[in-house]
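Peer 1: This is protein.cif (mmCIF, C-alpha atoms).
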data_final
loop_
_atom_site.label_atom_id
_atom_site.label_comp_id
_atom_site.auth_asym_id
_atom_site.auth_seq_id
_atom_site.Cartn_x
_atom_site.Cartn_y
_atom_site.Cartn_z
CA MET A 201 -41.04 38.94 3.55
CA ALA A 202 -41.52 36.64 0.60
CA ALA A 203 -37.98 37.55 -0.50
CA SER A 204 -36.31 35.93 2.53
CA LEU A 205 -38.34 32.76 1.98
CA ARG A 206 -37.02 32.60 -1.55
CA VAL A 207 -33.44 33.03 -0.34
CA TYR A 208 -33.85 30.16 2.14
CA LYS A 209 -35.33 27.91 -0.54
CA ARG A 210 -32.44 28.61 -2.84
CA ARG A 211 -29.88 27.81 -0.15
CA ILE A 212 -31.66 24.56 0.76
CA LYS A 213 -31.53 23.54 -2.88
CA SER A 214 -27.80 24.21 -3.20
CA VAL A 215 -26.98 22.43 0.07
CA THR A 216 -29.04 19.43 -1.07
CA ALA A 217 -27.01 19.29 -4.29
CA THR A 218 -23.75 19.38 -2.31
CA LYS A 219 -25.03 16.68 -0.01
CA LYS A 220 -25.73 14.42 -2.96
CA ILE A 221 -22.17 14.85 -4.18
CA THR A 222 -20.56 14.21 -0.80
CA ARG A 223 -22.77 11.19 -0.22
CA ALA A 224 -21.71 9.76 -3.58
CA MET A 225 -18.05 10.37 -2.74
CA GLU A 226 -18.54 8.70 0.62
CA MET A 227 -19.95 5.59 -1.02
CA ILE A 228 -17.18 5.47 -3.63
CA ALA A 229 -14.53 5.76 -0.93
CA ALA A 230 -16.25 3.06 1.13
CA SER A 231 -16.18 0.62 -1.76
CA ARG A 232 -12.54 1.46 -2.46
CA ILE A 233 -11.49 0.78 1.14
CA VAL A 234 -12.67 -2.79 0.80
CA LYS A 235 -10.71 -3.21 -2.41
CA ALA A 236 -7.60 -1.62 -0.91
CA GLN A 237 -7.89 -3.76 2.21
CA ARG A 238 -8.09 -6.85 0.06
CA LYS A 239 -4.89 -5.83 -1.70
CA VAL A 240 -3.16 -5.31 1.64
CA ALA A 241 -4.27 -8.78 2.71
CA ALA A 242 -3.15 -10.31 -0.60
CA SER A 243 0.32 -8.82 -0.27
CA THR A 244 0.75 -9.95 3.33
CA PRO A 245 1.92 -13.56 2.73
CA TYR A 246 4.77 -12.38 0.53
CA ALA A 247 5.81 -9.70 3.01
CA ASP A 248 5.67 -12.18 5.90
CA GLU A 249 7.70 -14.84 4.11
CA LEU A 250 10.23 -12.31 2.96
CA THR A 251 10.56 -10.84 6.43
CA SER A 252 11.18 -14.22 8.00
CA ALA A 253 13.77 -14.98 5.32
CA VAL A 254 15.49 -11.66 5.96
CA THR A 255 15.47 -12.29 9.71
CA ALA A 256 16.90 -15.74 9.19
CA VAL A 257 19.76 -14.41 7.11
CA ALA A 258 20.39 -11.48 9.39
CA GLU A 259 20.66 -13.76 12.40
CA GLY A 260 22.31 -16.70 10.71
CA ALA A 261 24.89 -15.14 8.47
CA ASP A 262 27.97 -13.34 9.65
CA VAL A 263 28.32 -10.98 6.75
CA ARG A 264 28.77 -7.24 6.52
CA HIS A 265 25.93 -5.82 4.50
CA PRO A 266 23.86 -2.60 4.51
CA LEU A 267 20.85 -4.76 5.29
CA THR A 268 22.12 -5.65 8.72
CA THR A 269 25.11 -3.54 9.69
CA GLU A 270 24.72 -0.11 11.16
CA ALA A 271 27.24 2.45 10.07
CA ALA A 272 29.50 3.48 12.94
CA ARG A 273 28.54 7.09 12.54
CA PRO A 274 25.57 7.45 10.21
CA ARG A 275 25.70 10.78 8.41
CA ARG A 276 22.98 10.65 5.82
CA ALA A 277 19.51 9.23 5.92
CA ALA A 278 16.79 8.92 3.31
CA VAL A 279 13.21 9.60 4.32
CA LEU A 280 10.31 8.48 2.17
CA ILE A 281 7.04 10.27 2.91
CA ILE A 282 3.85 8.83 1.50
CA THR A 283 0.93 11.22 0.99
CA SER A 284 -1.98 11.26 -1.42
CA ASP A 285 -2.56 12.91 -4.77
CA ARG A 286 -5.91 14.37 -3.91
CA GLY A 287 -7.42 16.19 -0.98
CA LEU A 288 -10.93 15.89 0.44
CA ALA A 289 -9.61 13.44 2.97
CA GLY A 290 -9.60 15.48 6.13
CA ALA A 291 -6.23 15.71 7.82
CA TYR A 292 -4.87 12.58 6.11
CA SER A 293 -2.09 14.16 4.06
CA SER A 294 -1.12 16.79 6.62
CA ASN A 295 -0.83 14.10 9.28
CA ALA A 296 1.43 12.02 7.06
CA ILE A 297 3.54 15.10 6.29
CA LYS A 298 3.69 15.94 9.98
CA ALA A 299 5.00 12.45 10.73
CA GLY A 300 7.62 12.92 8.02
CA GLU A 301 8.60 16.33 9.39
CA HIS A 302 8.91 14.93 12.88
CA LEU A 303 11.12 12.14 11.60
CA THR A 304 13.23 14.58 9.61
CA SER A 305 13.82 16.93 12.53
CA GLN A 306 14.65 14.00 14.78
CA LEU A 307 17.22 12.70 12.33
CA THR A 308 18.65 16.18 11.85
CA ALA A 309 18.96 16.52 15.62
CA GLU A 310 20.96 13.29 15.59
CA GLY A 311 23.35 15.00 13.20
CA LYS A 312 22.29 13.27 10.01
CA LYS A 313 21.68 14.92 6.70
CA VAL A 314 18.28 14.01 5.37
CA ASP A 315 17.36 13.29 1.75
CA THR A 316 13.63 13.53 1.24
CA TYR A 317 11.68 11.35 -1.16
CA ILE A 318 7.98 11.99 -1.60
CA VAL A 319 5.03 10.09 -2.98
CA GLY A 320 1.81 11.99 -3.70
CA ARG A 321 0.97 15.42 -5.04
CA LYS A 322 -0.02 16.82 -1.65
CA GLY A 323 3.41 16.21 -0.16
CA VAL A 324 5.11 17.52 -3.28
CA SER A 325 3.19 20.80 -3.18
CA TYR A 326 3.83 21.15 0.56
CA TYR A 327 7.57 20.96 -0.04
CA ALA A 328 7.45 23.04 -3.21
CA PHE A 329 5.55 25.83 -1.42
CA ARG A 330 8.19 25.95 1.31
CA GLU A 331 10.93 25.74 -1.27
CA ARG A 332 12.52 22.75 0.40
CA SER A 333 14.58 20.39 -1.65
CA VAL A 334 13.18 17.02 -2.55
CA LYS A 335 15.43 14.31 -3.92
CA ARG A 336 12.78 12.48 -5.91
CA SER A 337 9.02 12.52 -6.04
CA TRP A 338 6.32 10.42 -7.63
CA THR A 339 2.66 11.16 -8.27
CA GLY A 340 -0.28 9.56 -9.99
CA PHE A 341 -0.69 6.15 -8.41
CA THR A 342 -1.50 6.76 -4.75
CA ASP A 343 -5.12 5.65 -5.08
CA ASN A 344 -4.31 2.26 -6.50
CA PRO A 345 -0.62 1.40 -6.25
CA THR A 346 0.78 -1.64 -8.06
CA TYR A 347 3.93 -3.61 -7.35
CA ALA A 348 5.52 -1.98 -10.39
CA ASP A 349 4.96 1.43 -8.77
CA ALA A 350 6.58 0.19 -5.58
CA LYS A 351 9.57 -1.04 -7.59
CA GLU A 352 9.90 2.34 -9.21
CA VAL A 353 9.86 4.12 -5.86
CA ALA A 354 12.22 1.63 -4.26
CA ALA A 355 14.82 1.71 -7.06
CA PRO A 356 16.51 5.03 -6.18
CA LEU A 357 16.33 4.20 -2.47
CA ILE A 358 18.11 0.90 -3.01
CA GLU A 359 20.62 2.62 -5.21
CA ALA A 360 21.25 5.25 -2.50
CA ILE A 361 21.75 2.74 0.30
CA GLY A 362 24.13 0.74 -1.86
CA ARG A 363 26.34 3.73 -2.58
CA ASP A 364 29.06 5.13 -0.31
CA THR A 365 27.97 8.00 1.90
CA ASP A 366 30.72 10.20 0.49
CA GLU A 367 29.35 9.78 -3.00
CA GLY A 368 25.81 10.80 -2.13
CA GLY A 369 24.63 7.50 -0.71
CA VAL A 370 22.77 7.10 2.55
CA ASP A 371 23.34 5.06 5.70
CA GLU A 372 19.75 4.69 6.75
CA LEU A 373 16.36 4.34 5.13
CA HIS A 374 13.27 5.64 6.88
CA ILE A 375 9.65 5.71 5.83
CA ALA A 376 6.68 7.76 7.02
CA PHE A 377 3.24 6.56 6.00
CA THR A 378 -0.26 6.07 7.36
CA GLU A 379 -0.96 2.70 8.86
CA PHE A 380 -4.40 1.27 8.28
CA VAL A 381 -5.42 -0.03 11.69
CA SER A 382 -9.14 -0.30 11.11
CA MET A 383 -11.95 1.42 9.27
CA MET A 384 -12.07 4.06 12.00
CA THR A 385 -8.42 4.32 12.95
CA GLN A 386 -5.49 5.22 10.74
CA THR A 387 -2.30 6.29 12.41
CA PRO A 388 0.64 8.03 10.78
CA VAL A 389 3.79 6.07 11.58
CA GLU A 390 7.54 6.44 11.17
CA ARG A 391 9.58 3.33 10.54
CA ARG A 392 13.18 2.54 9.92
CA MET A 393 13.46 0.19 6.98
CA LEU A 394 17.22 -0.22 6.87
CA PRO A 395 19.42 -1.25 8.48
CA LEU A 396 17.30 -3.78 10.31
CA ARG A 397 17.10 -3.35 14.03
CA LEU A 398 18.08 -6.59 15.60
CA GLU A 399 17.69 -5.79 19.27
CA LYS A 400 14.60 -7.58 20.44
CA SER A 401 13.36 -4.81 22.70
CA ALA A 402 12.70 -2.33 19.92
CA GLU A 403 9.13 -3.23 19.25
CA ASP A 404 8.44 -0.32 16.94
CA SER A 405 11.06 -1.31 14.40
CA ALA A 406 10.02 -4.82 14.37
CA GLU A 407 7.29 -6.34 12.45
CA VAL A 408 10.32 -8.48 11.84
CA PHE A 409 10.03 -9.92 15.29
CA GLN A 410 6.33 -10.40 15.43
CA GLN A 411 6.88 -14.10 15.21
CA GLY A 412 8.26 -13.81 18.73
CA GLU A 413 11.19 -15.59 20.20
CA GLN A 414 11.35 -18.48 17.83
CA THR A 415 14.91 -19.31 16.92
CA HIS A 416 15.94 -19.63 13.35
CA PRO A 417 17.74 -22.74 12.20
CA LEU A 418 21.09 -22.63 10.53
CA TYR A 419 20.50 -22.22 6.86
CA ASP A 420 22.42 -23.42 3.91
CA PHE A 421 22.81 -20.54 1.52
CA GLU A 422 22.49 -21.05 -2.16
CA PRO A 423 24.75 -19.83 -3.74
CA SER A 424 26.36 -17.84 -0.87
CA PRO A 425 25.23 -15.66 2.06
CA GLU A 426 26.53 -12.50 0.37
CA GLN A 427 24.69 -13.19 -2.84
CA VAL A 428 21.50 -14.12 -1.03
CA LEU A 429 21.64 -10.87 0.94
CA ASP A 430 22.37 -8.89 -2.20
CA ALA A 431 19.30 -10.40 -3.82
CA LEU A 432 17.15 -10.05 -0.71
CA LEU A 433 17.88 -6.39 -0.04
CA PRO A 434 16.08 -4.86 -3.02
CA ARG A 435 13.14 -7.27 -2.70
CA TYR A 436 12.83 -6.43 0.97
CA VAL A 437 12.79 -2.68 0.35
CA GLU A 438 10.33 -3.11 -2.51
CA SER A 439 7.96 -5.18 -0.45
CA ARG A 440 8.13 -2.74 2.47
CA VAL A 441 7.43 0.18 0.13
CA TYR A 442 4.63 -1.74 -1.55
CA ASN A 443 3.04 -2.54 1.78
CA ALA A 444 3.35 1.09 2.90
CA LEU A 445 1.80 2.31 -0.36
CA LEU A 446 -1.12 -0.10 -0.03
CA GLN A 447 -1.74 0.76 3.60
CA SER A 448 -1.58 4.46 2.77
CA ALA A 449 -4.06 4.00 -0.06
CA ALA A 450 -6.48 2.16 2.22
CA SER A 451 -6.03 4.84 4.89
CA LYS A 452 -6.61 7.58 2.36
CA HIS A 453 -9.88 6.03 1.25
CA ALA A 454 -10.96 5.59 4.87
CA ALA A 455 -10.10 9.21 5.62
CA THR A 456 -12.01 10.35 2.53
CA ARG A 457 -14.98 8.31 3.59
CA ARG A 458 -14.96 9.84 7.05
CA ALA A 459 -14.50 13.37 5.77
CA MET A 460 -17.31 12.93 3.25
CA LYS A 461 -19.57 11.36 5.84
CA SER A 462 -19.17 14.34 8.16
CA ALA A 463 -19.71 16.66 5.19
CA THR A 464 -22.96 14.84 4.41
CA ASP A 465 -24.02 15.01 8.07
CA ASN A 466 -23.24 18.71 8.18
CA ALA A 467 -25.26 19.26 5.02
CA GLU A 468 -28.17 17.44 6.62
CA ASP A 469 -27.98 19.62 9.73
CA LEU A 470 -27.77 22.72 7.58
CA ILE A 471 -30.80 21.67 5.56
CA LYS A 472 -32.73 21.02 8.75
CA SER A 473 -32.00 24.41 10.26
CA LEU A 474 -32.59 26.17 6.95
CA THR A 475 -35.93 24.41 6.63
CA ARG A 476 -36.86 25.63 10.09
CA LEU A 477 -35.92 29.18 9.12
CA ALA A 478 -37.83 28.90 5.86
CA ASN A 479 -40.91 27.62 7.72
CA ALA A 480 -40.71 30.51 10.19
CA ALA A 481 -40.35 32.96 7.32
CA ARG A 482 -43.33 31.44 5.53
CA GLN A 483 -45.38 31.53 8.74
CA ALA A 484 -44.36 35.15 9.32
CA ASP A 485 -45.47 36.00 5.79
CA ILE A 486 -48.84 34.38 6.32
CA THR A 487 -49.34 36.03 9.72
CA GLN A 488 -48.45 39.35 8.28
CA GLU A 489 -50.79 38.88 5.34
CA ILE A 490 -53.67 37.88 7.65
CA SER A 491 -53.09 40.82 9.96
CA GLU A 492 -52.94 43.09 6.93
CA ILE A 493 -56.25 41.69 5.64
CA VAL A 494 -57.87 41.85 9.05
CA GLY A 495 -56.54 45.35 9.60
CA GLY A 496 -57.66 46.42 6.14
CA SER A 497 -61.15 44.96 6.46
CA SER A 498 -61.72 46.39 9.93
CA ALA A 499 -60.56 49.78 8.70
CA LEU A 500 -63.02 49.41 5.82
CA ALA A 501 -65.78 48.35 8.23
CA ASP A 502 -65.01 51.32 10.45
CA ALA A 503 -65.13 53.65 7.44
CA THR A 504 -68.49 52.32 6.16
CA ALA A 505 -69.98 52.36 9.69
CA GLY A 506 -68.94 55.97 10.01
CA SER A 507 -70.53 57.00 6.67
CA GLU A 508 -73.89 55.36 7.46
CA ARG A 509 -74.30 57.44 10.51
CA MET B 4 5.63 -40.51 4.24
CA ALA B 5 6.62 -37.13 5.43
CA GLU B 6 5.17 -34.28 3.52
CA LEU B 7 6.37 -30.95 2.40
CA HIS B 8 4.12 -27.99 2.94
CA VAL B 9 4.58 -25.58 0.08
CA GLU B 10 3.60 -21.93 0.01
CA LEU B 11 4.12 -20.23 -3.31
CA VAL B 12 3.52 -16.52 -3.01
CA ALA B 13 3.91 -13.70 -5.49
CA ALA B 14 4.30 -10.08 -4.48
CA ASP B 15 0.61 -9.34 -4.76
CA ARG B 16 -1.10 -12.68 -4.11
CA LYS B 17 -0.77 -16.23 -2.90
CA VAL B 18 -0.38 -18.39 -5.98
CA TRP B 19 -0.45 -21.93 -4.67
CA SER B 20 -0.23 -23.75 -1.39
CA GLY B 21 -0.52 -27.40 -0.49
CA GLU B 22 1.34 -30.60 0.26
CA ALA B 23 4.06 -31.96 -1.96
CA SER B 24 6.58 -34.79 -2.04
CA LEU B 25 9.13 -33.07 -4.25
CA VAL B 26 9.78 -29.58 -5.49
CA ILE B 27 12.26 -28.81 -8.23
CA ALA B 28 13.34 -25.21 -8.67
CA ARG B 29 16.11 -23.39 -10.45
CA THR B 30 18.49 -21.38 -8.31
CA THR B 31 21.32 -19.23 -9.54
CA ALA B 32 23.68 -22.11 -8.72
CA GLY B 33 21.68 -24.71 -10.62
CA ASP B 34 18.58 -26.81 -10.23
CA ILE B 35 17.68 -27.87 -6.73
CA GLY B 36 15.29 -30.60 -5.75
CA ILE B 37 13.77 -30.45 -2.30
CA MET B 38 12.16 -33.39 -0.54
CA PRO B 39 10.83 -33.63 2.99
CA GLY B 40 13.65 -33.62 5.53
CA HIS B 41 15.99 -31.45 3.52
CA GLN B 42 18.47 -29.33 5.37
CA PRO B 43 17.29 -25.74 5.94
CA VAL B 44 18.16 -23.83 2.82
CA LEU B 45 17.76 -20.30 1.52
CA GLY B 46 18.39 -19.78 -2.14
CA VAL B 47 18.01 -17.20 -4.86
CA LEU B 48 15.78 -18.35 -7.70
CA ARG B 49 16.39 -17.75 -11.35
CA SER B 50 13.56 -17.26 -13.77
CA GLY B 51 12.37 -20.66 -14.76
CA PRO B 52 9.73 -23.29 -14.28
CA VAL B 53 9.20 -24.70 -10.79
CA THR B 54 7.82 -28.22 -10.66
CA ILE B 55 5.81 -29.35 -7.66
CA ARG B 56 4.84 -33.01 -7.22
CA THR B 57 1.76 -32.82 -5.10
CA THR B 58 0.49 -35.34 -2.57
CA GLY B 59 -1.94 -35.38 0.33
CA ALA B 60 -5.18 -33.46 0.27
CA THR B 61 -4.41 -31.92 -3.09
CA GLY B 62 -4.03 -35.38 -4.65
CA GLU B 63 -1.23 -36.90 -6.68
CA GLY B 64 -0.16 -34.75 -9.56
CA THR B 65 2.18 -32.18 -10.89
CA VAL B 66 1.90 -28.43 -10.73
CA VAL B 67 4.20 -26.34 -12.86
CA VAL B 68 4.66 -22.67 -12.20
CA ALA B 69 6.56 -20.07 -14.17
CA VAL B 70 8.55 -18.09 -11.66
CA HIS B 71 10.29 -14.85 -12.55
CA GLY B 72 12.98 -14.30 -9.96
CA GLY B 73 12.61 -14.68 -6.23
CA PHE B 74 13.66 -16.84 -3.31
CA LEU B 75 13.21 -20.24 -1.87
CA SER B 76 13.48 -21.08 1.78
CA TYR B 77 13.01 -24.41 3.47
CA THR B 78 12.79 -25.18 7.18
CA ASP B 79 11.01 -27.84 9.23
CA GLY B 80 8.93 -29.32 6.46
CA LYS B 81 7.80 -25.95 5.21
CA LEU B 82 8.95 -24.64 1.88
CA SER B 83 8.31 -21.03 0.89
CA LEU B 84 8.76 -19.91 -2.65
CA LEU B 85 8.74 -16.14 -2.98
CA ALA B 86 8.46 -14.79 -6.45
CA GLU B 87 8.05 -11.30 -7.74
CA VAL B 88 5.84 -12.68 -10.44
CA ALA B 89 4.55 -16.24 -10.62
CA GLU B 90 2.04 -17.85 -12.94
CA LEU B 91 0.55 -21.31 -12.81
CA ALA B 92 1.23 -23.15 -16.05
CA ASP B 93 -2.44 -23.74 -16.72
CA GLU B 94 -3.07 -20.00 -16.36
CA ILE B 95 -0.63 -19.28 -19.14
CA ASP B 96 -2.01 -18.40 -22.52
CA VAL B 97 0.42 -20.19 -24.83
CA GLN B 98 -0.50 -18.26 -27.93
CA ARG B 99 -0.13 -14.98 -26.16
CA ALA B 100 3.22 -16.03 -24.72
CA GLU B 101 4.40 -17.05 -28.19
CA ARG B 102 3.28 -13.74 -29.60
CA SER B 103 5.04 -11.79 -26.88
CA LEU B 104 8.17 -13.91 -27.42
CA GLU B 105 8.22 -12.94 -31.08
CA GLN B 106 7.51 -9.36 -30.19
CA ALA B 107 10.33 -9.34 -27.64
CA LYS B 108 12.75 -10.89 -30.15
CA ALA B 109 11.81 -8.27 -32.71
CA ASP B 110 12.33 -5.47 -30.17
CA GLU B 111 15.49 -7.11 -28.83
CA ASP B 112 14.00 -6.77 -25.34
CA VAL B 113 16.03 -9.38 -23.47
CA GLU B 114 13.99 -9.11 -20.31
CA ALA B 115 10.64 -9.64 -22.05
CA GLU B 116 12.08 -12.42 -24.19
CA ARG B 117 13.25 -14.27 -21.10
CA ARG B 118 9.85 -13.86 -19.42
CA ALA B 119 8.00 -15.16 -22.44
CA SER B 120 10.31 -18.15 -22.89
CA VAL B 121 9.98 -19.08 -19.20
CA ARG B 122 6.21 -19.02 -19.63
CA LEU B 123 6.43 -21.28 -22.65
CA GLN B 124 8.78 -23.69 -20.88
CA ALA B 125 6.40 -23.95 -17.95
CA ALA B 126 3.40 -24.46 -20.21
CA ALA B 127 5.27 -27.15 -22.13
CA ALA B 128 6.34 -28.93 -18.93
CA GLU B 129 2.75 -29.05 -17.74
CA ARG B 130 1.65 -31.12 -20.71
#
Translate the structure described by the file into structure tokens.
Peer 2:
Amino acid sequence: MAASLRVYKRRIKSVTATKKITRAMEMIAASRIVKAQRKVAASTPYADELTSAVTAVAEGADVRHPLTTEAARPRRAAVLIITSDRGLAGAYSSNAIKAGEHLTSQLTAEGKKVDTYIVGRKGVSYYAFRERSVKRSWTGFTDNPTYADAKEVAAPLIEAIGRDTDEGGVDELHIAFTEFVSMMTQTPVERRMLPLRLEKSAEDSAEVFQQGEQTHPLYDFEPSPEQVLDALLPRYVESRVYNALLQSAASKHAATRRAMKSATDNAEDLIKSLTRLANAARQADITQEISEIVGGSSALADATAGSER
Amino acid sequence: MAELHVELVAADRKVWSGEASLVIARTTAGDIGIMPGHQPVLGVLRSGPVTIRTTGATGEGTVVVAVHGGFLSYTDGKLSLLAEVAELADEIDVQRAERSLEQAKADEDVEAERRASVRLQAAAAER
């Protein structure tokens, strides 16, 4: 029927419009990945230098400090989960949340009470829907985080680790975010930020030890080891948070790009099969019309032949 | 002569790197001058101008940087200056810094006033 041909044409048109949108989003995300990657790279020297300074102090100074000393029996832990503000990124946010959940249940199993901190609207709505308590949450900057944002996120964490556990402070600081491995691979990871793990075997905890087995010289501290540690601690947390935010942003853009690419591919497939169906319908129409004409004319011919007799 | 390799990095970028014969920075305990062969040191920086006397491939000269808080660590001929915010003196817009200093004084914003005056000090030291 001509009607079914019209329906197919209309669907092809709407799928083509969708494809244009997803293709545009794919390209936008692709250009943003590059920008985000550049920001990750630009922040790396600072993070590296800071980490080696922290390691040096942790190994060289014999001081009790939340940066280096593990509580004898840790009772509370803070978990920071980094998600995105917007969807359309495949399983990106749910994977990050899953990593956070896994971390939380693990810590709970170890007998620690967990305070949850969340970045990104997706994580916030996940927790709000399940009516789970969230200590603090931030939204609005996940696409393009600045150092000021990282400072804002880090401030309550630093404050919590500095306080006594009995007064609502925490003993440990964990973070769950999505690591940007490459354009194609982004893995959700769980890391312990504080206290630093100093055993050399624990590879997971230790970007700190990436430099390998090099020994650190004995430092002179200016003004004193305690004061240097006090000053280092917040900077260290901030830079870790900043790095996690940047990596998450890059991962989010990569996930968006991939999701939008598969949406575009699907739209293409759909258009192809719809075009096939539309062609068949058109062909069926024509065939039917021809057979109707042929049938009609032969019936006419038969009728006139009969009357002449 | 031995050289000092200096890396000056801010939180979001690398500001300056090169060879130097002397670096003068302001720590919380007072000014510190670092020359090649200094004992390993780790210090907390105060906001203030950092003066770098350059040598080697970068040529003889002086680079002044306005540093707003951070750290300094020196080992084995390598000096790292970590700053939350750092600006090269020749990047500083003096008029703008003066304006923001006045603004900060008017608002009694101690933090902003300090930032602006550090900028101006660095810009003045450059000349």
Peer 1: Within 12 Å of chain B, which residues of chain A show up when using all atoms listed in the file, listed as JSON, numbers by chain?
Peer 2: {"A": [236, 238, 239, 240, 241, 242, 243, 244, 245, 246, 247, 248, 249, 250, 251, 252, 253, 254, 255, 256, 257, 260, 261, 345, 346, 347, 348, 350, 351, 415, 416, 417, 418, 419, 420, 421, 422, 423, 424, 425, 426, 427, 428, 429, 430, 431, 432, 433, 434, 435, 436, 438, 439, 440, 441, 442, 443, 446]}
Peer 1: Hey, can I get the axis-aligned box for region 385-390 of chain A? All listed atoms, 3 Å padding on each side, centre and edge lengths in Å to one decimal, as JSON.
Peer 2:
{"center_x": -0.4, "center_y": 6.2, "center_z": 11.8, "size_x": 22.0, "size_y": 9.7, "size_z": 8.2}
Peer 1: Got a sec to resolve the PyMOL selection byres ((chain A and resi 280-283) around 7) on this structure and send the residues as a ChimeraX atom specification?
Peer 2: /A:278-279,284-285,293,296-297,300,316-320,322-323,374-377
Peer 1: Given the file shown, determine the residues that the PyMOL selection byres ((chain B and resi 122) around 10) selects; report them as a PyMOL selection string.
Peer 2: chain B and resi 50-52+68-71+89-92+94-97+99-101+104+116-121+123-128
Peer 1: Could you save the residues just selected, with C-alpha atoms, as a compact mmCIF listing (two decimals), in the coordinates of the input?
Peer 2:
# COMPACT_ATOMS: atom_id res chain seq x y z
CA SER B 50 13.56 -17.26 -13.77
CA GLY B 51 12.37 -20.66 -14.76
CA PRO B 52 9.73 -23.29 -14.28
CA VAL B 68 4.66 -22.67 -12.20
CA ALA B 69 6.56 -20.07 -14.17
CA VAL B 70 8.55 -18.09 -11.66
CA HIS B 71 10.29 -14.85 -12.55
CA ALA B 89 4.55 -16.24 -10.62
CA GLU B 90 2.04 -17.85 -12.94
CA LEU B 91 0.55 -21.31 -12.81
CA ALA B 92 1.23 -23.15 -16.05
CA GLU B 94 -3.07 -20.00 -16.36
CA ILE B 95 -0.63 -19.28 -19.14
CA ASP B 96 -2.01 -18.40 -22.52
CA VAL B 97 0.42 -20.19 -24.83
CA ARG B 99 -0.13 -14.98 -26.16
CA ALA B 100 3.22 -16.03 -24.72
CA GLU B 101 4.40 -17.05 -28.19
CA LEU B 104 8.17 -13.91 -27.42
CA GLU B 116 12.08 -12.42 -24.19
CA ARG B 117 13.25 -14.27 -21.10
CA ARG B 118 9.85 -13.86 -19.42
CA ALA B 119 8.00 -15.16 -22.44
CA SER B 120 10.31 -18.15 -22.89
CA VAL B 121 9.98 -19.08 -19.20
CA LEU B 123 6.43 -21.28 -22.65
CA GLN B 124 8.78 -23.69 -20.88
CA ALA B 125 6.40 -23.95 -17.95
CA ALA B 126 3.40 -24.46 -20.21
CA ALA B 127 5.27 -27.15 -22.13
CA ALA B 128 6.34 -28.93 -18.93
Peer 1: For Val26 (chain B), list every protein, DNA or RNA residue within 8 Å, evaluated using only C-alpha atoms, and leave out those in the same chain fewer than 6 positions away; present the list as a tab-separated table (two decimals) with C-alpha atoms, in the frame of the given file.
Peer 2:
chain	number	residue	atom	x	y	z
B	36	GLY	CA	15.29	-30.60	-5.75
B	37	ILE	CA	13.77	-30.45	-2.30
B	38	MET	CA	12.16	-33.39	-0.54
B	53	VAL	CA	9.20	-24.70	-10.79
B	54	THR	CA	7.82	-28.22	-10.66
B	55	ILE	CA	5.81	-29.35	-7.66
B	56	ARG	CA	4.84	-33.01	-7.22
Peer 1: For CA of Val314 (chain A) and CA of Ala277 (chain A), quote the distance in Å rounded to one decimal.
Peer 2: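 Those two atoms sit 5.0 Å apart.
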Peer 1: What's the separation between CA of Met393 (chain A) and CA of Arg332 (chain A), in Å to one decimal place?
Peer 2: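 CA of Arg332 (chain A) lies 23.5 Å from CA of Met393 (chain A).
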Peer 1: Please write region 314-340 of chain A of the preceding block to a file containing C-alpha atoms, as an mmCIF file, in the first residue's frame?
Peer 2:
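Okay, this is what ended up in decode_26.cif:
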data_model
loop_
_atom_site.group_PDB
_atom_site.id
_atom_site.type_symbol
_atom_site.label_atom_id
_atom_site.label_comp_id
_atom_site.auth_asym_id
_atom_site.auth_seq_id
_atom_site.Cartn_x
_atom_site.Cartn_y
_atom_site.Cartn_z
ATOM 1 C CA VAL A 314 31.211 5.334 56.052
ATOM 2 C CA ASP A 315 30.540 8.996 55.301
ATOM 3 C CA THR A 316 29.684 9.496 51.663
ATOM 4 C CA TYR A 317 30.659 12.547 49.656
ATOM 5 C CA ILE A 318 29.447 12.839 46.082
ATOM 6 C CA VAL A 319 30.387 14.870 43.048
ATOM 7 C CA GLY A 320 27.969 14.967 40.108
ATOM 8 C CA ARG A 321 24.214 15.065 39.734
ATOM 9 C CA LYS A 322 23.940 11.425 38.668
ATOM 10 C CA GLY A 323 25.436 10.154 41.906
ATOM 11 C CA VAL A 324 23.369 12.578 43.945
ATOM 12 C CA SER A 325 20.105 11.402 42.383
ATOM 13 C CA TYR A 326 21.129 7.755 42.804
ATOM 14 C CA TYR A 327 21.571 8.285 46.531
ATOM 15 C CA ALA A 328 18.534 10.545 46.855
ATOM 16 C CA PHE A 329 16.308 7.954 45.150
ATOM 17 C CA ARG A 330 17.455 5.282 47.594
ATOM 18 C CA GLU A 331 17.106 7.704 50.469
ATOM 19 C CA ARG A 332 20.665 7.123 51.607
ATOM 20 C CA SER A 333 22.422 9.808 53.540
ATOM 21 C CA VAL A 334 25.085 11.860 51.849
ATOM 22 C CA LYS A 335 27.423 14.015 53.878
ATOM 23 C CA ARG A 336 28.127 16.587 51.193
ATOM 24 C CA SER A 337 27.580 16.796 47.470
ATOM 25 C CA TRP A 338 28.659 19.086 44.678
ATOM 26 C CA THR A 339 27.298 19.528 41.168
ATOM 27 C CA GLY A 340 27.843 21.769 38.195
#
